[in-house]
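A short write-up of the structure that comes next.
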Amino acid sequence: MEIINQLVDTEKKLLILGAHQDDAEFSCGRLLLKRKGVNSHIIYFTDGKMGQIDDEKVSQKDHANIRKIESIKAMNKFGVSIDKLIFLDLPDQDLISFPYIIDKLYILFKKIQPDFILIPPFEGAHPDHDVVHLFSTIAARNFKIKKNKIIEYSSYNNYEGKFRIQEFIPMDTHEEKLIPTDEEQHRWEEIMKVFESQPSLHEKYVPNSSFESFRLLPNYDYSNLPYSTKISNMIRGLLFPIYPKIKKYLPKKYKLFYETWENEVNPSKILKSLKKYDKEYEF
């Protein structure tokens, strides 16, 4: 349990990076409970405005404020004070358009001096998750953070066409599970109720999560989209102009999780941008 033992050590300073205002709480909340929130910092990248509560009743601006308040309340219950929370307030589902945040991350890493940074995996769960992953790893490289100090936390994915929660897509790297006590699990479930704006969190995610997974940063090929088969890459490449229109007809096993959404998030466009930014900031 080399990873878990180091992560629960409150002498070590953690910096958890999340795309939205429930990512860190969902994927690392039980870790925070074991640490009692000590020596823990959180960065939220987006404003979370593209949420789930009724858009006819709540504006996107109000929704973003609601989600921020929910995270502040939840983190307070985890033992993380508001001065340890950083909200970058970038547009939800458009994080790819703000590469300048890489330089901001470098400054924050320098200020916080974390022993470990915890990031979402590069798994196609949500386009913002993938961008947080890449921007964070680029900033970490430039700050000379050692690779074994960059830890992925599990979230969700569409591996082999099946929706999976708190399970990584298999990669050749060391992985460990954090198993909470019954008391910690119950406490975590109660804290997650703070996120009243997120009904799907309570319907699908929290009831199916009983542990947290962490692993060392794998050797990703960032020239490809995460979890992309040869067939899916060929389809995206050959049918690029019309892909957003025809993707709904493809078998689920060839799709990233966000490709199963009704809105037209174009993975090829995202990949092109990721390649560009990785090249611009390589060292």
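Letters A, B, ... go to the chains of the structure tokens in the order shown; residues in each chain start at 1; ligands are counted from 1 in the same order.
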task = Check segment 11-237 of chain A with DSSP on the backbone and list each residue it calls strand (DSSP E), as number ranges by chain.
result = A: 14-18, 40-46, 85-90, 116-119, 150-153, 156-157, 164-165, 175-178, 212-216
Please, which residues in segment 4-116 of chain A fall within 6 Å of segment 131-153 of chain A when counting only C-alpha atoms, and what is the closest atom pair and distance in Å to one decimal for each, ordered by chain then residue number, as a tab-separated table?
residue	atom	partner	partner_atom	distance
A:Ile102	CA	A:Phe135	CA	5.5
A:Tyr106	CA	A:Ala139	CA	5.3
A:Phe116	CA	A:Lys149	CA	4.8
Export of the given selection (N, CA and C atoms) as a short mmCIF file (atom, residue, chain, number, x, y, z; two decimals), in the first residue's frame:
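Saved to selection.cif:
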data_model
loop_
_atom_site.label_atom_id
_atom_site.label_comp_id
_atom_site.auth_asym_id
_atom_site.auth_seq_id
_atom_site.Cartn_x
_atom_site.Cartn_y
_atom_site.Cartn_z
N ILE A 102 -2.17 26.89 -17.88
CA ILE A 102 -0.97 26.10 -17.59
C ILE A 102 0.05 26.96 -16.84
N TYR A 106 1.48 26.61 -12.91
CA TYR A 106 2.89 26.64 -12.54
C TYR A 106 3.10 27.57 -11.33
N PHE A 116 2.43 15.89 -3.34
CA PHE A 116 1.76 15.09 -4.36
C PHE A 116 0.68 15.94 -5.02
#
Might you pull out every residue within 12 Å of Tyr205 of chain A, with only C-alpha atoms counted and same-chain residues fewer than 6 positions away left off, and present them as a short mmCIF file (atom, residue, chain, number, x, y, z; two decimals) with N, CA and C atoms, in the first residue's frame?
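Written file, part_19.cif:
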data_model
loop_
_atom_site.label_atom_id
_atom_site.label_comp_id
_atom_site.auth_asym_id
_atom_site.auth_seq_id
_atom_site.Cartn_x
_atom_site.Cartn_y
_atom_site.Cartn_z
N ASP A 22 -17.56 18.89 -7.67
CA ASP A 22 -17.85 17.68 -6.89
C ASP A 22 -16.85 16.57 -7.22
N ASP A 23 -15.93 16.85 -8.15
CA ASP A 23 -14.97 15.84 -8.58
C ASP A 23 -14.03 15.41 -7.45
N GLU A 25 -14.43 15.87 -4.27
CA GLU A 25 -15.20 15.31 -3.16
C GLU A 25 -15.62 13.87 -3.45
N PHE A 26 -16.03 13.61 -4.69
CA PHE A 26 -16.48 12.26 -5.04
C PHE A 26 -15.31 11.28 -5.10
N SER A 27 -14.22 11.69 -5.72
CA SER A 27 -13.12 10.76 -5.98
C SER A 27 -12.08 10.69 -4.88
N SER A 155 -12.36 8.01 -11.49
CA SER A 155 -13.66 8.68 -11.58
C SER A 155 -14.65 7.74 -12.27
N TYR A 156 -14.82 7.87 -13.58
CA TYR A 156 -15.72 6.98 -14.32
C TYR A 156 -15.27 6.94 -15.77
N ASN A 157 -15.71 5.92 -16.50
CA ASN A 157 -15.33 5.80 -17.91
C ASN A 157 -16.30 4.85 -18.62
N PHE A 163 -20.39 1.34 -18.58
CA PHE A 163 -20.17 2.46 -17.68
C PHE A 163 -19.60 1.94 -16.36
N ARG A 164 -18.42 2.46 -15.99
CA ARG A 164 -17.72 1.98 -14.80
C ARG A 164 -17.41 3.15 -13.88
N ILE A 165 -17.68 2.96 -12.60
CA ILE A 165 -17.45 4.00 -11.59
C ILE A 165 -16.31 3.57 -10.68
N GLN A 166 -15.37 4.48 -10.45
CA GLN A 166 -14.24 4.29 -9.54
C GLN A 166 -13.34 3.13 -9.98
N GLU A 189 -21.02 9.58 2.47
CA GLU A 189 -22.33 9.62 1.82
C GLU A 189 -23.17 10.78 2.34
N MET A 192 -21.83 14.07 0.85
CA MET A 192 -22.16 14.23 -0.57
C MET A 192 -23.59 14.73 -0.78
N LYS A 193 -24.43 14.62 0.22
CA LYS A 193 -25.80 15.13 0.11
C LYS A 193 -25.83 16.65 -0.01
N GLN A 198 -27.04 18.37 -7.95
CA GLN A 198 -26.59 17.28 -8.83
C GLN A 198 -27.37 15.99 -8.59
N PRO A 199 -28.60 15.88 -9.11
CA PRO A 199 -29.40 14.68 -8.86
C PRO A 199 -28.76 13.38 -9.35
N PHE A 211 -15.36 2.60 -2.64
CA PHE A 211 -13.91 2.71 -2.43
C PHE A 211 -13.37 3.80 -3.35
#
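Counting only C-alpha atoms and comparing A:Tyr243, A:Tyr222, A:Phe87, A:Tyr254, the residue that lies closest to Leu108 of chain A is A:Phe87.
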ask   = DSSP says alpha helix (DSSP H) for which residues of segment 42-191 of chain A? Put them as a PyMOL selection string?
value = chain A and resi 60-78+101-112+127-142+182-191
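Each of A:Leu95, A:Val58, A:Leu14, A:Leu225 was compared to His41 of chain A using only C-alpha atoms, and A:Leu14 turns out to be the nearest.
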query = Leaving out Thr229 of chain A and any residue of its chain fewer than 5 positions from it, which residues lie within 10 Å of it when counting only C-alpha atoms, given as an MDAnalysis selection string?
reply = chainID A and resid 160 224 234:235 253:255
Write to file, as a JSON list (two decimals), in the first residue's frame, the residues of the selection just made, with N, CA and C atoms.
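Everything below was put into part26.json:
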[["chain", "number", "residue", "atom", "x", "y", "z"],
["A", 160, "GLU", "N", -14.75, -0.62, -22.66],
["A", 160, "GLU", "CA", -15.39, -1.76, -23.33],
["A", 160, "GLU", "C", -16.90, -1.59, -23.43],
["A", 224, "ASN", "N", -2.92, 10.26, -29.14],
["A", 224, "ASN", "CA", -4.21, 9.61, -29.36],
["A", 224, "ASN", "C", -5.19, 10.01, -28.27],
["A", 234, "MET", "N", -9.86, 5.23, -36.65],
["A", 234, "MET", "CA", -10.04, 5.26, -38.10],
["A", 234, "MET", "C", -11.36, 5.95, -38.46],
["A", 235, "ILE", "N", -12.42, 5.60, -37.71],
["A", 235, "ILE", "CA", -13.73, 6.20, -37.97],
["A", 235, "ILE", "C", -13.69, 7.71, -37.74],
["A", 253, "LYS", "N", -19.14, 0.46, -27.55],
["A", 253, "LYS", "CA", -17.79, 0.04, -27.15],
["A", 253, "LYS", "C", -16.69, 0.85, -27.85],
["A", 254, "TYR", "N", -17.04, 1.55, -28.92],
["A", 254, "TYR", "CA", -16.06, 2.36, -29.63],
["A", 254, "TYR", "C", -16.06, 3.81, -29.16],
["A", 255, "LYS", "N", -16.91, 4.16, -28.20],
["A", 255, "LYS", "CA", -17.08, 5.55, -27.82],
["A", 255, "LYS", "C", -16.43, 5.87, -26.47]]
Can you tell me, as an mmCIF file with N, CA and C atoms, in the first residue's frame, what residues are no more than 9 Å from Gly37 of chain A when counting only C-alpha atoms, ignoring any on the same chain fewer than 2 positions away?
data_model
loop_
_atom_site.group_PDB
_atom_site.id
_atom_site.type_symbol
_atom_site.label_atom_id
_atom_site.label_comp_id
_atom_site.auth_asym_id
_atom_site.auth_seq_id
_atom_site.Cartn_x
_atom_site.Cartn_y
_atom_site.Cartn_z
ATOM 1 N N THR A 10 -0.433 12.899 6.844
ATOM 2 C CA THR A 10 -0.738 14.326 6.892
ATOM 3 C C THR A 10 0.504 15.211 6.908
ATOM 4 N N LEU A 31 -10.457 9.768 1.205
ATOM 5 C CA LEU A 31 -9.056 10.064 1.510
ATOM 6 C C LEU A 31 -8.975 11.292 2.410
ATOM 7 N N LEU A 32 -9.750 12.325 2.089
ATOM 8 C CA LEU A 32 -9.758 13.540 2.909
ATOM 9 C C LEU A 32 -10.258 13.245 4.321
ATOM 10 N N LEU A 33 -11.235 12.343 4.446
ATOM 11 C CA LEU A 33 -11.726 11.980 5.776
ATOM 12 C C LEU A 33 -10.625 11.313 6.596
ATOM 13 N N LYS A 34 -9.852 10.448 5.954
ATOM 14 C CA LYS A 34 -8.757 9.790 6.677
ATOM 15 C C LYS A 34 -7.701 10.811 7.108
ATOM 16 N N ARG A 35 -7.543 11.872 6.316
ATOM 17 C CA ARG A 35 -6.580 12.917 6.644
ATOM 18 C C ARG A 35 -7.195 14.006 7.519
ATOM 19 N N ASN A 39 -3.584 19.596 5.719
ATOM 20 C CA ASN A 39 -2.540 19.780 4.717
ATOM 21 C C ASN A 39 -3.024 19.437 3.310
ATOM 22 N N SER A 40 -4.253 19.805 3.008
ATOM 23 C CA SER A 40 -4.866 19.470 1.718
ATOM 24 C C SER A 40 -5.353 20.737 1.017
ATOM 25 N N HIS A 41 -5.039 20.866 -0.246
ATOM 26 C CA HIS A 41 -5.449 22.005 -1.061
ATOM 27 C C HIS A 41 -6.226 21.486 -2.271
ATOM 28 N N MET A 75 -16.362 20.732 1.616
ATOM 29 C CA MET A 75 -14.961 20.706 2.027
ATOM 30 C C MET A 75 -14.803 21.101 3.496
ATOM 31 N N ASN A 76 -15.637 21.988 3.962
ATOM 32 C CA ASN A 76 -15.611 22.333 5.379
ATOM 33 C C ASN A 76 -15.897 21.104 6.239
ATOM 34 N N LYS A 77 -16.842 20.271 5.786
ATOM 35 C CA LYS A 77 -17.167 19.035 6.504
ATOM 36 C C LYS A 77 -16.027 18.020 6.422
ATOM 37 N N PHE A 78 -15.265 18.070 5.315
ATOM 38 C CA PHE A 78 -14.099 17.190 5.187
ATOM 39 C C PHE A 78 -12.910 17.709 6.003
ATOM 40 N N GLY A 79 -13.016 18.941 6.501
ATOM 41 C CA GLY A 79 -11.936 19.515 7.289
ATOM 42 C C GLY A 79 -11.015 20.425 6.509
ATOM 43 N N VAL A 80 -11.419 20.767 5.261
ATOM 44 C CA VAL A 80 -10.601 21.637 4.417
ATOM 45 C C VAL A 80 -11.200 23.036 4.461
ATOM 46 N N SER A 81 -10.453 23.994 4.960
ATOM 47 C CA SER A 81 -10.970 25.352 5.113
ATOM 48 C C SER A 81 -10.994 26.087 3.776
#
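Proximity to Glu70 of chain A was assessed for A:Pro226, A:Gly48, A:Gly18, A:Pro91 counting only C-alpha atoms; the smallest distance is recorded for A:Gly48.
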message = When you count only C-alpha atoms, which of these residues is closest to Lys275 of chain A: A:Thr173, A:Glu259, A:Ile96, A:Asp128?
response = A:Ile96
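Residues in contact range of Asn266 of chain A, defined as at most 7 Å between only C-alpha atoms, with sequence neighbours fewer than 3 positions away removed, read Pro244, Lys269 and Ile270 of chain A.
Of the residues listed (A:Thr260, A:Gly161, A:Ser268, A:Lys177), A:Ser268 shows the shortest atom-to-atom separation from Pro241 of chain A; distances use only C-alpha atoms.
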